[in-house]
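Here is the structure we will look at, set down as structure tokens.
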Amino acid sequence: MRLSDFLAGASCPAPARLPAMPYIIAEAGVNHEGSMDIARRLIDEAAEGGADAVKFQTYKAATLASRDSPAYWDTSKEPTRSQFELFQKHDSFWKNEFEALKKHCDAAGVAFMSTPFDVESARFLNDLMDVFKISSSDITNRPFIEHLCGFGKPVVLSTGASSLAEIAEAVDWIDAAGVPLALLHCVLNYPTMDENAALGMIPALIRHFPDRVIGYSDHTLPADMKVLEVATLLGARILEKHFTHDKTLPGNDHYHAMDREDLKRFRANLARTLSMIGETRVVALESEAPARRNARRSLVAARRIPAGARLEAADLTWKRPASGISPRHYHEVIGMTARDAIEEDAILHWGDLS
């Protein structure tokens, strides 16, 4: 499914059965390490795991970071201390490579996405994608946001490290272009500890921006994938998480990424959880029909009631099953008359009374 189609459907009136399976973006980022073979493998394994889209990142180090830009990640996992140096390691893919990866995604049955970080990459990615993803790092980058909105396509914006005022400001810029918008809660710690995931911001975003699709971009360690499951239950309709073919590899985006098996496990566990939730309205279930008939009670004669006798409280008790007059009509039955004699322990029916 294309993300633009998902966003169009999500803007329709919500069905009674919520939450639903979210749209899952496997964030391959630059975990291809400059290898097309690895990039294709990431696409294939993400598709096998059940991702709806595979997203890369498109940039050149020289247009993204100055040479003295400091690291903001765990340098015990990724020892590179300059953003420029790290980005320079992974900026070899450009137009031709991403065109080839788009074709591979099409063949694998997943949507292709890539986050652009400059005007030139945005221009050629526009021909390959139906939605633009904007990184948390660019949430205050008004000219770039306005440039991306100029393509007239839906925007997915991550909100990491942002105040509510900053998010609202960016929403105003995007609204001015009249394009659909989804917001992804995000915490810019690499990795994010589970206790710092701040998933309560998901319902807060839903409350502050009720007409937007709200999702979650995750940087926690995959473990049992419970964080993504809870995010879904709190209302996240899009989930984005870094994806790798090998979590033991060194580098900033491998150790906190999910792999194919993590994704399979998450989908299976979430499907089971969602099956437990069912409808979000109060109804008697069809499966409860036998209990309604047999575990509820009827009014029953507590003693023999002669024909023509007016029923008193002492004439009545209530017992299972619910095949006769419901005890909810207790006060109506008192004072009615027995048409014929009613034997003790008989279940009362309206035809017995007048």
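Chain lettering (A, B, ...) mirrors the order of the structure tokens, residue numbering begins at 1 for each chain separately, and ligand numbering begins at 1 in order of display.
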
Can you list, as a PyMOL selection string, every protein, DNA or RNA residue that comes within 10 Å of Glu48 (chain A) when you count only C-alpha atoms, leaving out same-chain residues fewer than 4 positions away? chain A and resi 42-44+108-110+260-261+263-264

All residues 12 Å or closer to region 307-314 of chain A, only C-alpha atoms, same chain fewer than 2 positions away omitted, as a VMD selection string: chain A and resid 299 to 305 316 to 318 330 to 344 348 352 to 354

Excluding Thr220 (chain A) and its own-chain neighbours fewer than 5 positions away, which residues fall within 7 Å of it when counting only C-alpha atoms? Please give them as a ChimeraX atom specification. /A:191-194,256

Output the selection as a short mmCIF file (atom, residue, chain, number, x, y, z; two decimals), in the first residue's frame - all heavy atoms for each residue.
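The new file again.cif reads:
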data_model
loop_
_atom_site.label_atom_id
_atom_site.label_comp_id
_atom_site.auth_asym_id
_atom_site.auth_seq_id
_atom_site.Cartn_x
_atom_site.Cartn_y
_atom_site.Cartn_z
N PRO A 191 20.64 5.20 21.66
CA PRO A 191 19.25 4.75 21.60
C PRO A 191 18.39 5.49 22.62
O PRO A 191 18.90 6.18 23.51
CB PRO A 191 19.37 3.28 21.98
CG PRO A 191 20.51 3.26 22.96
CD PRO A 191 21.48 4.30 22.47
N THR A 192 17.07 5.29 22.51
CA THR A 192 16.13 5.78 23.51
C THR A 192 15.83 4.63 24.47
O THR A 192 15.44 3.55 24.04
CB THR A 192 14.81 6.22 22.84
OG1 THR A 192 15.09 7.27 21.91
CG2 THR A 192 13.82 6.72 23.88
N MET A 193 16.05 4.85 25.75
CA MET A 193 15.68 3.84 26.73
C MET A 193 14.15 3.73 26.80
O MET A 193 13.45 4.74 26.63
CB MET A 193 16.23 4.19 28.11
CG MET A 193 17.77 4.22 28.18
SD MET A 193 18.51 2.58 27.86
CE MET A 193 19.04 2.76 26.14
N ASP A 194 13.65 2.54 27.07
CA ASP A 194 12.19 2.35 27.10
C ASP A 194 11.51 3.36 28.02
O ASP A 194 10.45 3.90 27.69
CB ASP A 194 11.85 0.93 27.58
CG ASP A 194 12.14 -0.13 26.51
OD1 ASP A 194 12.62 0.25 25.41
OD2 ASP A 194 11.88 -1.31 26.77
N HIS A 256 20.27 -0.30 17.37
CA HIS A 256 18.92 -0.02 17.87
C HIS A 256 17.86 -0.27 16.79
O HIS A 256 16.71 0.13 16.95
CB HIS A 256 18.81 1.41 18.41
CG HIS A 256 19.02 2.48 17.39
ND1 HIS A 256 18.03 2.88 16.52
CD2 HIS A 256 20.11 3.23 17.10
CE1 HIS A 256 18.49 3.85 15.75
NE2 HIS A 256 19.76 4.08 16.07
#

Any chance you could tabulate, as a Markdown table, the residues of region 63-174 of chain A at most 9 Å from region 24-29 of chain A with each one's nearest atom pair and distance in Å to one decimal, using only C-alpha atoms, in chain and rising number order?
| residue | atom | partner | partner_atom | distance |
| --- | --- | --- | --- | --- |
| A:Ala111 | CA | A:Ile25 | CA | 8.9 |
| A:Met113 | CA | A:Ile25 | CA | 8.8 |
| A:Ser114 | CA | A:Gly29 | CA | 7.8 |
| A:Thr115 | CA | A:Gly29 | CA | 8.4 |

Next, dump the selected residues to file, keeping only all heavy atoms, as a PDB file, in the first residue's frame.
ATOM      1  N   ALA A 111       6.400  -0.169  -0.609  1.00  0.00           N
ATOM      2  CA  ALA A 111       6.542   1.194  -1.092  1.00  0.00           C
ATOM      3  C   ALA A 111       7.972   1.680  -0.866  1.00  0.00           C
ATOM      4  O   ALA A 111       8.602   1.346   0.137  1.00  0.00           O
ATOM      5  CB  ALA A 111       5.558   2.113  -0.383  1.00  0.00           C
ATOM      6  N   MET A 113      10.489   4.796  -0.110  1.00  0.00           N
ATOM      7  CA  MET A 113      10.555   6.141   0.454  1.00  0.00           C
ATOM      8  C   MET A 113      12.008   6.484   0.732  1.00  0.00           C
ATOM      9  O   MET A 113      12.840   5.591   0.943  1.00  0.00           O
ATOM     10  CB  MET A 113       9.753   6.239   1.764  1.00  0.00           C
ATOM     11  CG  MET A 113       8.265   5.998   1.649  1.00  0.00           C
ATOM     12  SD  MET A 113       7.444   6.056   3.269  1.00  0.00           S
ATOM     13  CE  MET A 113       7.683   7.785   3.722  1.00  0.00           C
ATOM     14  N   SER A 114      12.320   7.753   0.742  1.00  0.00           N
ATOM     15  CA  SER A 114      13.620   8.217   1.213  1.00  0.00           C
ATOM     16  C   SER A 114      13.459   9.637   1.713  1.00  0.00           C
ATOM     17  O   SER A 114      12.777  10.457   1.086  1.00  0.00           O
ATOM     18  CB  SER A 114      14.673   8.167   0.107  1.00  0.00           C
ATOM     19  OG  SER A 114      15.963   8.439   0.644  1.00  0.00           O
ATOM     20  N   THR A 115      14.084   9.930   2.851  1.00  0.00           N
ATOM     21  CA  THR A 115      14.034  11.276   3.407  1.00  0.00           C
ATOM     22  C   THR A 115      15.082  12.138   2.719  1.00  0.00           C
ATOM     23  O   THR A 115      16.279  11.844   2.814  1.00  0.00           O
ATOM     24  CB  THR A 115      14.313  11.257   4.914  1.00  0.00           C
ATOM     25  OG1 THR A 115      13.339  10.443   5.568  1.00  0.00           O
ATOM     26  CG2 THR A 115      14.265  12.668   5.497  1.00  0.00           C
TER      27      THR A 115
END

Taking only region 104-343 of chain A into account, list the residues labelled helix (DSSP H, G or I) by DSSP (computed from the backbone), as a VMD selection string. chain A and resid 104 to 108 119 to 125 136 to 138 142 to 149 164 to 177 194 to 196 201 to 208 226 to 233 260 to 277 286 to 294 313 to 315 327 to 333

List the spatial neighbours of Lys133 (chain A) as a list of chain:residue names - criterion: any atom at most 7 Å away, only C-alpha atoms, same-chain residues fewer than 4 positions off excluded. A:Thr115, A:Val155, A:Val156, A:Leu157

Output of the above residues as a compact mmCIF listing (two decimals), in the first residue's frame, restricted to C-alpha atoms:
# COMPACT_ATOMS: atom_id res chain seq x y z
CA THR A 115 14.03 11.28 3.41
CA VAL A 155 4.06 15.23 4.26
CA VAL A 156 5.05 13.04 7.21
CA LEU A 157 6.87 15.11 9.85
